[in-house]
$ cat protein.csv   # CSV, C-alpha atoms and all ligand atoms
chain,number,residue,atom,x,y,z
A,1,MET,CA,9.5,-7.9,-25.7
A,2,SER,CA,7.4,-8.1,-28.8
A,3,ALA,CA,5.9,-4.8,-29.9
A,4,ALA,CA,2.8,-6.7,-31.1
A,5,THR,CA,1.8,-7.4,-27.5
A,6,SER,CA,1.8,-3.7,-26.6
A,7,PHE,CA,-1.1,-1.3,-26.6
A,8,LYS,CA,-1.3,1.5,-29.2
A,9,PRO,CA,-4.1,4.1,-28.8
A,10,SER,CA,-3.6,5.1,-32.4
A,11,ALA,CA,-4.8,1.7,-33.5
A,12,SER,CA,-8.3,2.5,-32.2
A,13,PRO,CA,-10.4,5.2,-33.9
A,14,HIS,CA,-12.5,5.9,-30.8
A,15,PRO,CA,-12.0,5.9,-27.0
A,16,THR,CA,-12.4,2.4,-25.6
A,17,ALA,CA,-12.4,3.4,-21.9
A,18,CYS,CA,-14.3,5.9,-19.7
A,19,LEU,CA,-13.6,7.1,-16.2
A,20,ALA,CA,-16.7,8.6,-14.6
A,21,LEU,CA,-16.4,10.6,-11.3
A,22,ALA,CA,-19.4,10.7,-8.9
A,23,ASP,CA,-19.8,14.5,-9.7
A,24,GLY,CA,-20.5,13.6,-13.3
A,25,THR,CA,-17.0,14.6,-14.7
A,26,LEU,CA,-16.0,12.2,-17.5
A,27,PHE,CA,-12.6,11.3,-18.8
A,28,TYR,CA,-12.3,9.3,-22.0
A,29,GLY,CA,-9.2,7.3,-23.0
A,30,TYR,CA,-8.0,4.0,-24.3
A,31,GLY,CA,-8.5,0.8,-22.4
A,32,PHE,CA,-5.8,-1.8,-21.7
A,33,GLY,CA,-5.7,-4.9,-19.5
A,34,ALA,CA,-9.0,-6.6,-18.9
A,35,GLU,CA,-12.3,-5.3,-20.2
A,36,GLY,CA,-15.0,-4.6,-17.6
A,37,THR,CA,-16.2,-2.1,-15.1
A,38,GLU,CA,-14.8,-1.3,-11.6
A,39,ILE,CA,-16.1,1.0,-8.9
A,40,ALA,CA,-13.5,2.3,-6.5
A,41,GLU,CA,-12.0,5.3,-4.7
A,42,LEU,CA,-9.5,7.2,-6.9
A,43,CYS,CA,-6.1,8.3,-5.7
A,44,PHE,CA,-2.9,9.5,-7.3
A,45,ASN,CA,0.6,8.2,-6.8
A,46,THR,CA,3.6,10.4,-7.7
A,47,ALA,CA,6.3,7.6,-7.7
A,48,MET,CA,8.5,7.6,-10.8
A,49,THR,CA,9.2,3.9,-10.5
A,50,GLY,CA,7.5,0.8,-9.1
A,51,TYR,CA,4.1,0.7,-10.9
A,52,GLN,CA,4.1,-3.1,-10.4
A,53,GLU,CA,4.8,-3.0,-6.7
A,54,ILE,CA,2.1,-0.3,-6.3
A,55,MET,CA,-0.5,-2.3,-8.3
A,56,THR,CA,0.3,-5.4,-6.2
A,57,ASP,CA,0.4,-3.7,-2.8
A,58,PRO,CA,-2.7,-5.2,-0.9
A,59,SER,CA,-3.1,-1.8,0.8
A,60,TYR,CA,-4.6,-0.5,-2.5
A,61,ALA,CA,-7.6,-2.8,-2.4
A,62,GLY,CA,-10.7,-0.8,-3.2
A,63,GLN,CA,-8.8,1.9,-5.0
A,64,ILE,CA,-7.9,2.9,-8.6
A,65,VAL,CA,-4.4,4.5,-8.9
A,66,THR,CA,-3.7,7.5,-11.2
A,67,PHE,CA,0.0,7.5,-12.0
A,68,THR,CA,1.3,11.1,-12.3
A,69,PHE,CA,4.6,9.8,-13.9
A,70,PRO,CA,3.9,9.5,-17.6
A,71,HIS,CA,6.2,6.6,-18.6
A,72,ILE,CA,4.4,3.6,-17.3
A,73,GLY,CA,5.2,0.1,-18.7
A,74,ASN,CA,8.8,0.8,-19.7
A,75,THR,CA,10.3,-1.8,-17.3
A,76,GLY,CA,7.6,-4.4,-18.0
A,77,VAL,CA,6.8,-6.8,-15.1
A,78,THR,CA,8.6,-9.6,-13.4
A,79,PRO,CA,7.2,-12.1,-10.8
A,80,GLU,CA,10.1,-11.0,-8.5
A,81,ASP,CA,8.5,-7.6,-8.1
A,82,ASP,CA,5.0,-8.7,-7.1
A,83,GLU,CA,4.3,-7.5,-3.6
A,84,THR,CA,1.6,-10.2,-3.3
A,85,ALA,CA,0.1,-12.9,-5.6
A,86,ASP,CA,-2.6,-10.7,-7.1
A,87,PRO,CA,-2.8,-7.0,-8.1
A,88,PHE,CA,-5.0,-5.5,-5.4
A,89,ALA,CA,-5.6,-2.1,-6.9
A,90,SER,CA,-8.8,-2.2,-8.9
A,91,GLY,CA,-7.3,-0.4,-11.9
A,92,MET,CA,-4.8,2.0,-13.2
A,93,VAL,CA,-4.9,5.4,-14.9
A,94,VAL,CA,-2.0,6.6,-17.0
A,95,LYS,CA,-1.2,9.5,-19.3
A,96,TRP,CA,0.4,7.7,-22.3
A,97,ASP,CA,-0.1,4.3,-23.7
A,98,PRO,CA,2.0,1.9,-21.6
A,99,THR,CA,5.4,1.8,-23.2
A,100,ASP,CA,7.0,-1.5,-24.5
A,101,ALA,CA,9.1,-3.1,-21.9
A,102,SER,CA,12.9,-2.4,-22.2
A,103,ASN,CA,14.5,-4.1,-19.2
A,104,TRP,CA,16.5,-7.3,-18.8
A,105,ARG,CA,14.4,-8.3,-15.8
A,106,ALA,CA,11.1,-8.1,-17.6
A,107,THR,CA,9.3,-11.4,-18.3
A,108,GLU,CA,6.0,-9.9,-19.6
A,109,GLU,CA,4.5,-6.7,-20.9
A,110,LEU,CA,2.4,-4.6,-18.4
A,111,THR,CA,-0.7,-4.7,-20.6
A,112,VAL,CA,-0.6,-8.5,-21.0
A,113,TRP,CA,0.0,-9.0,-17.2
A,114,LEU,CA,-2.8,-6.6,-16.3
A,115,LYS,CA,-5.2,-8.5,-18.6
A,116,ARG,CA,-4.2,-11.9,-17.2
A,117,ARG,CA,-4.7,-10.5,-13.7
A,118,GLY,CA,-8.2,-9.2,-14.6
A,119,ARG,CA,-7.5,-5.5,-13.9
A,120,ILE,CA,-8.5,-2.5,-16.0
A,121,GLY,CA,-6.2,0.2,-17.3
A,122,ILE,CA,-7.1,3.5,-19.0
A,123,GLY,CA,-4.5,5.6,-20.9
A,124,GLY,CA,-4.4,8.7,-23.0
A,125,LEU,CA,-6.1,11.1,-20.6
A,126,ASP,CA,-5.0,14.3,-18.9
A,127,THR,CA,-3.7,12.9,-15.6
A,128,ARG,CA,-2.7,16.4,-14.5
A,129,ARG,CA,-6.3,17.7,-14.7
A,130,LEU,CA,-7.4,14.5,-13.0
A,131,THR,CA,-4.8,14.9,-10.2
A,132,ARG,CA,-5.9,18.5,-9.6
A,133,ALA,CA,-9.5,17.3,-9.4
A,134,ILE,CA,-8.5,14.7,-6.7
A,135,ARG,CA,-6.5,17.3,-4.8
A,136,GLN,CA,-9.4,19.8,-4.9
A,137,GLN,CA,-12.4,17.5,-4.1
A,138,GLY,CA,-10.7,14.8,-2.1
A,139,ALA,CA,-10.4,11.2,-3.3
A,140,PRO,CA,-13.4,10.8,-5.6
A,141,HIS,CA,-15.6,7.8,-6.0
A,142,VAL,CA,-15.4,6.6,-9.6
A,143,ALA,CA,-16.5,4.0,-12.1
A,144,LEU,CA,-13.9,2.9,-14.7
A,145,SER,CA,-15.1,1.0,-17.7
A,146,TYR,CA,-13.2,-0.6,-20.6
A,147,SER,CA,-15.0,-2.0,-23.6
A,148,GLU,CA,-13.4,-2.6,-27.0
A,149,GLY,CA,-16.7,-1.6,-28.6
A,150,GLY,CA,-16.3,1.8,-27.1
A,151,VAL,CA,-20.0,2.1,-26.1
A,152,PHE,CA,-20.7,3.4,-22.6
A,153,ASP,CA,-23.9,3.9,-20.6
A,154,ILE,CA,-22.7,7.2,-19.0
A,155,ALA,CA,-25.7,7.7,-16.7
A,156,ASP,CA,-25.2,4.2,-15.4
A,157,LEU,CA,-21.5,4.7,-14.8
A,158,VAL,CA,-22.0,8.0,-12.9
A,159,GLU,CA,-24.8,6.3,-10.9
A,160,LYS,CA,-22.4,3.5,-10.0
A,161,ALA,CA,-19.7,6.0,-8.9
A,162,ARG,CA,-22.3,7.8,-6.8
A,163,SER,CA,-23.6,4.6,-5.1
A,164,PHE,CA,-20.1,3.6,-4.0
A,165,LYS,CA,-19.9,4.1,-0.3
A,166,GLY,CA,-16.1,4.7,-0.1
A,167,LEU,CA,-13.5,3.1,2.1
A,168,GLU,CA,-14.7,4.6,5.4
A,169,GLY,CA,-16.1,1.8,7.6
A,170,LEU,CA,-14.6,-0.9,5.3
A,171,ASP,CA,-12.6,-3.8,6.8
A,172,LEU,CA,-10.7,-5.1,3.8
A,173,ALA,CA,-7.8,-6.7,5.7
A,174,LYS,CA,-10.0,-9.8,6.3
A,175,GLU,CA,-10.3,-10.1,2.5
A,176,VAL,CA,-6.6,-9.9,1.7
A,177,THR,CA,-5.0,-11.6,4.6
A,178,CYS,CA,-3.4,-15.1,4.3
A,179,ALA,CA,-5.8,-18.1,4.8
A,180,GLN,CA,-3.2,-20.0,6.9
A,181,SER,CA,0.0,-19.2,8.8
A,182,TYR,CA,3.3,-19.7,7.0
A,183,THR,CA,7.0,-19.0,7.7
A,184,TRP,CA,9.1,-16.6,5.7
A,185,ASP,CA,12.9,-16.6,5.2
A,186,GLU,CA,13.7,-14.8,1.9
A,187,GLN,CA,15.7,-11.7,2.4
A,188,ARG,CA,15.6,-8.4,0.7
A,189,TRP,CA,17.3,-7.6,-2.7
A,190,VAL,CA,20.4,-5.6,-2.2
A,191,TRP,CA,22.0,-4.3,-5.4
A,192,PRO,CA,24.4,-5.5,-6.9
A,193,ASP,CA,24.8,-8.7,-4.9
A,194,GLY,CA,21.2,-10.0,-5.2
A,195,TYR,CA,19.4,-11.1,-2.1
A,196,SER,CA,21.3,-10.3,1.1
A,197,LYS,CA,22.4,-13.1,3.3
A,198,THR,CA,22.2,-12.3,7.0
A,199,THR,CA,23.4,-15.1,9.0
A,200,LYS,CA,22.6,-13.5,12.4
A,201,PRO,CA,20.8,-15.8,14.8
A,202,GLY,CA,17.2,-15.2,14.1
A,203,HIS,CA,14.7,-13.6,16.5
A,204,LYS,CA,11.4,-15.3,16.7
A,205,VAL,CA,8.9,-12.8,15.3
A,206,VAL,CA,5.2,-13.2,14.6
A,207,ALA,CA,4.0,-10.9,11.7
A,208,ILE,CA,0.3,-10.2,11.6
A,209,ASP,CA,-0.8,-10.1,7.9
A,210,PHE,CA,-3.4,-7.4,7.5
A,211,GLY,CA,-2.3,-7.3,3.8
A,212,ALA,CA,1.5,-7.5,4.2
A,213,LYS,CA,3.8,-6.6,1.3
A,214,ARG,CA,6.5,-9.2,0.6
A,215,ASN,CA,9.3,-6.7,0.9
A,216,ILE,CA,8.4,-6.0,4.5
A,217,LEU,CA,8.8,-9.7,5.3
A,218,ARG,CA,12.1,-9.6,3.4
A,219,CYS,CA,13.3,-6.6,5.4
A,220,LEU,CA,12.4,-8.4,8.7
A,221,ALA,CA,14.3,-11.5,7.6
A,222,SER,CA,17.3,-9.4,6.5
A,223,ALA,CA,17.4,-7.6,9.8
A,224,GLY,CA,17.6,-10.9,11.6
A,225,CYS,CA,14.1,-12.2,12.2
A,226,ASP,CA,12.7,-15.7,11.9
A,227,VAL,CA,9.3,-14.8,10.7
A,228,THR,CA,6.0,-16.7,11.2
A,229,VAL,CA,3.1,-14.9,9.4
A,230,LEU,CA,-0.4,-15.3,11.0
A,231,PRO,CA,-3.8,-14.2,9.6
A,232,ALA,CA,-5.3,-10.9,10.6
A,233,THR,CA,-8.0,-12.6,12.7
A,234,ALA,CA,-5.6,-14.5,14.9
A,235,THR,CA,-6.2,-13.8,18.6
A,236,ALA,CA,-3.6,-12.6,21.1
A,237,GLU,CA,-3.6,-16.1,22.7
A,238,GLU,CA,-2.9,-17.7,19.3
A,239,ILE,CA,-0.1,-15.2,18.6
A,240,LEU,CA,1.5,-15.5,22.1
A,241,ALA,CA,1.3,-19.4,21.9
A,242,HIS,CA,4.2,-19.1,19.3
A,243,ALA,CA,6.3,-17.5,22.1
A,244,PRO,CA,7.5,-14.6,19.9
A,245,GLU,CA,10.3,-12.4,20.9
A,246,GLY,CA,8.5,-9.6,19.0
A,247,VAL,CA,5.3,-9.0,17.1
A,248,PHE,CA,5.1,-7.1,13.8
A,249,LEU,CA,1.8,-5.4,12.6
A,250,SER,CA,1.6,-5.1,8.8
A,251,ASN,CA,0.2,-2.6,6.4
A,252,GLY,CA,-3.1,-3.3,4.8
A,253,PRO,CA,-6.2,-1.8,3.0
A,254,GLY,CA,-9.4,-0.2,4.3
A,255,ASP,CA,-10.4,1.8,7.3
A,256,PRO,CA,-8.3,1.1,10.4
A,257,ALA,CA,-11.4,1.8,12.7
A,258,ALA,CA,-13.3,-1.0,11.0
A,259,THR,CA,-10.4,-3.4,11.1
A,260,GLY,CA,-9.8,-2.4,14.7
A,261,VAL,CA,-13.0,-4.2,15.8
A,262,TYR,CA,-11.0,-7.4,16.1
A,263,ALA,CA,-7.5,-6.1,15.8
A,264,VAL,CA,-7.6,-3.7,18.8
A,265,PRO,CA,-8.4,-6.4,21.3
A,266,MET,CA,-5.7,-8.6,19.7
A,267,ILE,CA,-3.1,-5.8,19.9
A,268,GLN,CA,-4.1,-4.9,23.5
A,269,GLY,CA,-3.6,-8.6,24.4
A,270,ILE,CA,-0.1,-8.6,22.8
A,271,LEU,CA,0.9,-5.3,24.6
A,272,LYS,CA,0.2,-7.0,28.0
A,273,ALA,CA,3.0,-9.5,27.2
A,274,ASP,CA,5.5,-6.7,27.3
A,275,ILE,CA,7.5,-7.7,24.2
A,276,PRO,CA,8.7,-5.5,21.3
A,277,VAL,CA,6.0,-4.5,18.9
A,278,PHE,CA,6.6,-2.7,15.5
A,279,GLY,CA,3.8,-1.6,13.2
A,280,ILE,CA,3.8,-0.2,9.6
A,281,CYS,CA,1.0,1.9,8.1
A,282,LEU,CA,-2.3,0.1,8.9
A,283,GLY,CA,-0.4,-1.6,11.7
A,284,HIS,CA,0.6,1.8,13.0
A,285,GLN,CA,-3.0,3.1,12.8
A,286,MET,CA,-4.3,0.0,14.7
A,287,LEU,CA,-1.6,0.2,17.3
A,288,ALA,CA,-2.6,3.9,17.9
A,289,LEU,CA,-6.3,2.8,18.2
A,290,ALA,CA,-5.3,0.0,20.7
A,291,LEU,CA,-3.5,2.6,22.7
A,292,GLY,CA,-6.6,4.8,22.9
A,293,ALA,CA,-5.9,7.3,20.0
A,294,LYS,CA,-8.2,8.0,17.0
A,295,THR,CA,-7.8,7.8,13.3
A,296,VAL,CA,-9.3,10.1,10.6
A,297,LYS,CA,-9.9,9.9,6.9
A,298,MET,CA,-7.6,12.2,4.9
A,299,SER,CA,-8.8,14.3,2.0
A,300,HIS,CA,-6.7,12.7,-0.7
A,301,GLY,CA,-4.1,10.9,1.3
A,302,HIS,CA,-0.4,10.4,0.7
A,303,HIS,CA,0.8,8.1,-2.1
A,304,GLY,CA,4.3,8.4,-3.5
A,305,ALA,CA,8.0,7.7,-3.0
A,306,ASN,CA,9.3,11.1,-2.1
A,307,HIS,CA,7.5,12.2,1.0
A,308,PRO,CA,9.7,14.0,3.6
A,309,VAL,CA,9.3,12.9,7.2
A,310,LYS,CA,10.9,14.5,10.2
A,311,ASP,CA,12.1,12.3,13.1
A,312,LYS,CA,11.2,14.6,16.0
A,313,ASP,CA,13.8,12.9,18.3
A,314,THR,CA,16.8,13.5,16.1
A,315,GLY,CA,15.6,16.3,13.8
A,316,LYS,CA,16.7,14.2,10.8
A,317,VAL,CA,14.6,14.1,7.7
A,318,GLU,CA,13.9,10.9,5.8
A,319,ILE,CA,12.6,10.7,2.3
A,320,THR,CA,9.9,8.0,2.5
A,321,SER,CA,7.5,5.9,0.5
A,322,MET,CA,3.9,6.5,1.4
A,323,ASN,CA,0.5,5.0,0.7
A,324,HIS,CA,-2.3,5.9,3.1
A,325,GLY,CA,-5.7,7.5,3.0
A,326,PHE,CA,-6.3,7.5,6.8
A,327,ALA,CA,-4.1,9.0,9.5
A,328,VAL,CA,-3.6,9.0,13.2
A,329,ASP,CA,-5.0,12.1,14.9
A,330,SER,CA,-1.9,13.3,16.8
A,331,GLN,CA,-4.2,15.4,19.1
A,332,SER,CA,-5.8,12.2,20.3
A,333,LEU,CA,-2.5,10.4,21.4
A,334,PRO,CA,-3.0,9.6,25.1
A,335,LYS,CA,-0.4,10.5,27.8
A,336,GLY,CA,2.6,8.1,27.6
A,337,VAL,CA,2.3,7.8,23.8
A,338,VAL,CA,4.9,10.0,22.1
A,339,GLU,CA,4.6,11.3,18.5
A,340,THR,CA,8.0,10.4,16.9
A,341,HIS,CA,7.7,11.4,13.3
A,342,ILE,CA,5.7,14.0,11.3
A,343,SER,CA,5.1,14.6,7.6
A,344,LEU,CA,6.8,17.7,6.3
A,345,PHE,CA,4.1,18.1,3.6
A,346,ASP,CA,1.2,18.6,6.0
A,347,GLY,CA,2.4,18.1,9.6
A,348,SER,CA,0.3,14.9,9.9
A,349,ASN,CA,1.3,12.1,12.3
A,350,CYS,CA,3.9,9.7,10.9
A,351,GLY,CA,5.1,7.7,13.9
A,352,LEU,CA,4.7,6.9,17.6
A,353,ARG,CA,6.3,5.1,20.5
A,354,VAL,CA,5.1,4.1,23.9
A,355,ASP,CA,7.3,5.9,26.5
A,356,GLY,CA,9.6,3.4,28.2
A,357,LYS,CA,8.5,0.4,26.2
A,358,PRO,CA,9.9,-1.2,23.0
A,359,VAL,CA,6.7,-0.4,21.2
A,360,PHE,CA,6.7,1.8,18.1
A,361,SER,CA,5.2,2.2,14.7
A,362,VAL,CA,5.4,4.4,11.5
A,363,GLN,CA,2.8,5.6,9.0
A,364,TYR,CA,5.1,5.4,6.0
A,365,HIS,CA,6.8,2.4,4.3
A,366,PRO,CA,10.4,1.8,5.5
A,367,GLU,CA,10.5,-1.3,3.2
A,368,ALA,CA,10.2,1.0,0.2
A,369,SER,CA,9.2,-1.1,-2.8
A,370,PRO,CA,9.0,1.3,-4.5
A,371,GLY,CA,10.9,4.1,-2.9
A,372,PRO,CA,14.0,5.3,-1.0
A,373,GLN,CA,15.5,3.1,1.7
A,374,ASP,CA,16.3,5.9,4.2
A,375,SER,CA,14.1,4.3,6.8
A,376,TYR,CA,15.4,0.7,6.8
A,377,TYR,CA,17.0,1.5,10.2
A,378,LEU,CA,13.6,0.9,11.8
A,379,PHE,CA,13.8,-2.9,11.1
A,380,GLU,CA,17.2,-2.9,12.8
A,381,ARG,CA,15.7,-0.9,15.7
A,382,PHE,CA,13.0,-3.6,16.1
A,383,VAL,CA,15.7,-6.3,16.2
A,384,LYS,CA,17.9,-4.3,18.7
A,385,ALA,CA,14.8,-4.1,20.9
A,386,MET,CA,14.5,-7.9,20.9
A,387,GLU,CA,18.2,-8.2,21.7
A,388,LYS,CA,17.8,-6.3,24.9
B,1,LIG,N1,-0.5,1.2,3.4
B,1,LIG,C1,-1.4,1.0,4.4
B,1,LIG,O1,-1.2,0.2,5.2
B,1,LIG,C2,-2.7,1.8,4.3
B,1,LIG,C3,-3.4,1.9,5.6
B,1,LIG,C4,-4.8,2.4,5.5
B,1,LIG,N2,-5.6,1.4,4.7
B,1,LIG,C5,-4.9,3.7,4.8
B,1,LIG,O2,-5.3,3.9,3.7
B,1,LIG,O3,-4.5,4.7,5.5
$ encode --input "protein.csv" --output "structure tokens" --more "lines below"
Ligand SMILES: NC(=O)CC[C@H](N)C(=O)O
Amino acid sequence: MSAATSFKPSASPHPTACLALADGTLFYGYGFGAEGTEIAELCFNTAMTGYQEIMTDPSYAGQIVTFTFPHIGNTGVTPEDDETADPFASGMVVKWDPTDASNWRATEELTVWLKRRGRIGIGGLDTRRLTRAIRQQGAPHVALSYSEGGVFDIADLVEKARSFKGLEGLDLAKEVTCAQSYTWDEQRWVWPDGYSKTTKPGHKVVAIDFGAKRNILRCLASAGCDVTVLPATATAEEILAHAPEGVFLSNGPGDPAATGVYAVPMIQGILKADIPVFGICLGHQMLALALGAKTVKMSHGHHGANHPVKDKDTGKVEITSMNHGFAVDSQSLPKGVVETHISLFDGSNCGLRVDGKPVFSVQYHPEASPGPQDSYYLFERFVKAMEK
């Protein structure tokens, strides 16, 4: 990679980017990526790898991500690691200038990629102080502005941050879902052999795309599913017309309660068909809503690749990848719905199953990307449920 394409804060005599929090706190730094202004909710992610997968996870729509790991950019970017066609996070906040790429898989520098994708980055600020602010006050509403001229209307930025209504009540799945149905057969990458090649006879699965990450679809295919992806607004009738052996409910952005307006009747219709159902993250939250439970907004959520989760059935602990700002209220789970997993960080709900039925879901990301692969067994559990 050419050093000339990389960002060097020292080249600029003055800050070129400003992050304004709704309470008036300002962070100045150096802009990279695309110039402009974005208004969003600010979260922090503690993963030490996978900035590209994080930026392209559709579940991050409406959010700007603070990376607590300082070396961002060092593996560049490659189209193979896109979790979807566009980055969905509105922007990124990093401690140092993004490092030049040093990786045989890299096809582009992070800064060039971010600019081409029209997203803003800010570097050279105190991400520890910022992360403490997020932990103390809950995910703040912010305005992030990057201008090479380095001139900012601070009052306007703070006002913009204050006027942002936040993610509560927002249905963003409709904005990021696929326009049309499609089939998926690419399998997951397994080091060192490349993509795995399961030759098991496939089980016919319909995956509902509320903002699905590609590695979830790869994991389903690797576990032995023939996957047809349908848009978030598909009805239960349209889904069941495919005669699926199982239905998968994907991750996605926004407030599950808002998305539930159309997703809950859809899921309730699927449940009547008595076939295996598996949900991840937003899919987990909406399955809970369809079963009569409630979801709540968390203070600053869970975003990282090292979150310990306990399987209450086996007592085993999995290290998981997480990205959520809402959670299922475990107190609200109705009779017959069993809490299967809990977070060992704060005891919040991380999984459920319907007693006596092949219906289950988890709050975390068993597909990793980025993160540990302890929880891949859940894809196999879904396939086994279809074999029965
Ligand atoms: N990764 C996800 O699916 C996120 C679900 C939901 N939007 C949340 O923030 O809790």
$ residues_near_ligand --input "protein.csv" --ligand "ligand LIG 1 (chain B)" --cutoff "6 Å" --atoms "only C-alpha atoms and all ligand atoms" --output "list in words"
Ser59, Asn251, Gly252, Pro253, Gly254, Asp255, Cys281, Leu282, Asn323, His324, Gly325, Phe326 and Ala327 of chain A
$ residues_around --input "protein.csv" --residues "region 108-125 of chain A" --least-positions-apart "5" --cutoff "6 Å" --atoms "only C-alpha atoms" --output "list in words"
Gly29, Tyr30, Gly31, Phe32, Gly33, Ala34, Gly73, Gly76, Val77, Gly91, Met92, Val93, Val94, Lys95, Trp96, Asp97 and Ala101 of chain A
$ closest_residue --input "protein.csv" --among "A:Ala288, A:Cys350, A:Val142, A:Ala273" --to "Val309 (chain A)" --atoms "all atoms listed in the file"
A:Cys350
$ residues_around --input "protein.csv" --residues "Thr259 (chain A)" --least-positions-apart "4" --cutoff "12 Å" --atoms "all atoms listed in the file" --output "PyMOL selection string"
chain A and resi 167-175+177+210-211+232-233+251-255+263-267+282-283+285-287+289-290+295
$ closest_residue --input "protein.csv" --among "A:His365, A:His341, A:Lys388, A:His300" --to "Gln136 (chain A)" --atoms "only C-alpha atoms"
A:His300
$ residues_around --input "protein.csv" --residues "Ser361 (chain A)" --least-positions-apart "3" --cutoff "7 Å" --atoms "all atoms listed in the file" --output "MDAnalysis selection string"
chainID A and resid 278:280 284 351:353
$ write_last_selection --input "protein.csv" --atoms "C-alpha atoms" --output "mmCIF file, in the coordinates of the input"
data_model
loop_
_atom_site.group_PDB
_atom_site.id
_atom_site.type_symbol
_atom_site.label_atom_id
_atom_site.label_comp_id
_atom_site.auth_asym_id
_atom_site.auth_seq_id
_atom_site.Cartn_x
_atom_site.Cartn_y
_atom_site.Cartn_z
ATOM 1 C CA PHE A 278 6.600 -2.700 15.500
ATOM 2 C CA GLY A 279 3.800 -1.600 13.200
ATOM 3 C CA ILE A 280 3.800 -0.200 9.600
ATOM 4 C CA HIS A 284 0.600 1.800 13.000
ATOM 5 C CA GLY A 351 5.100 7.700 13.900
ATOM 6 C CA LEU A 352 4.700 6.900 17.600
ATOM 7 C CA ARG A 353 6.300 5.100 20.500
#
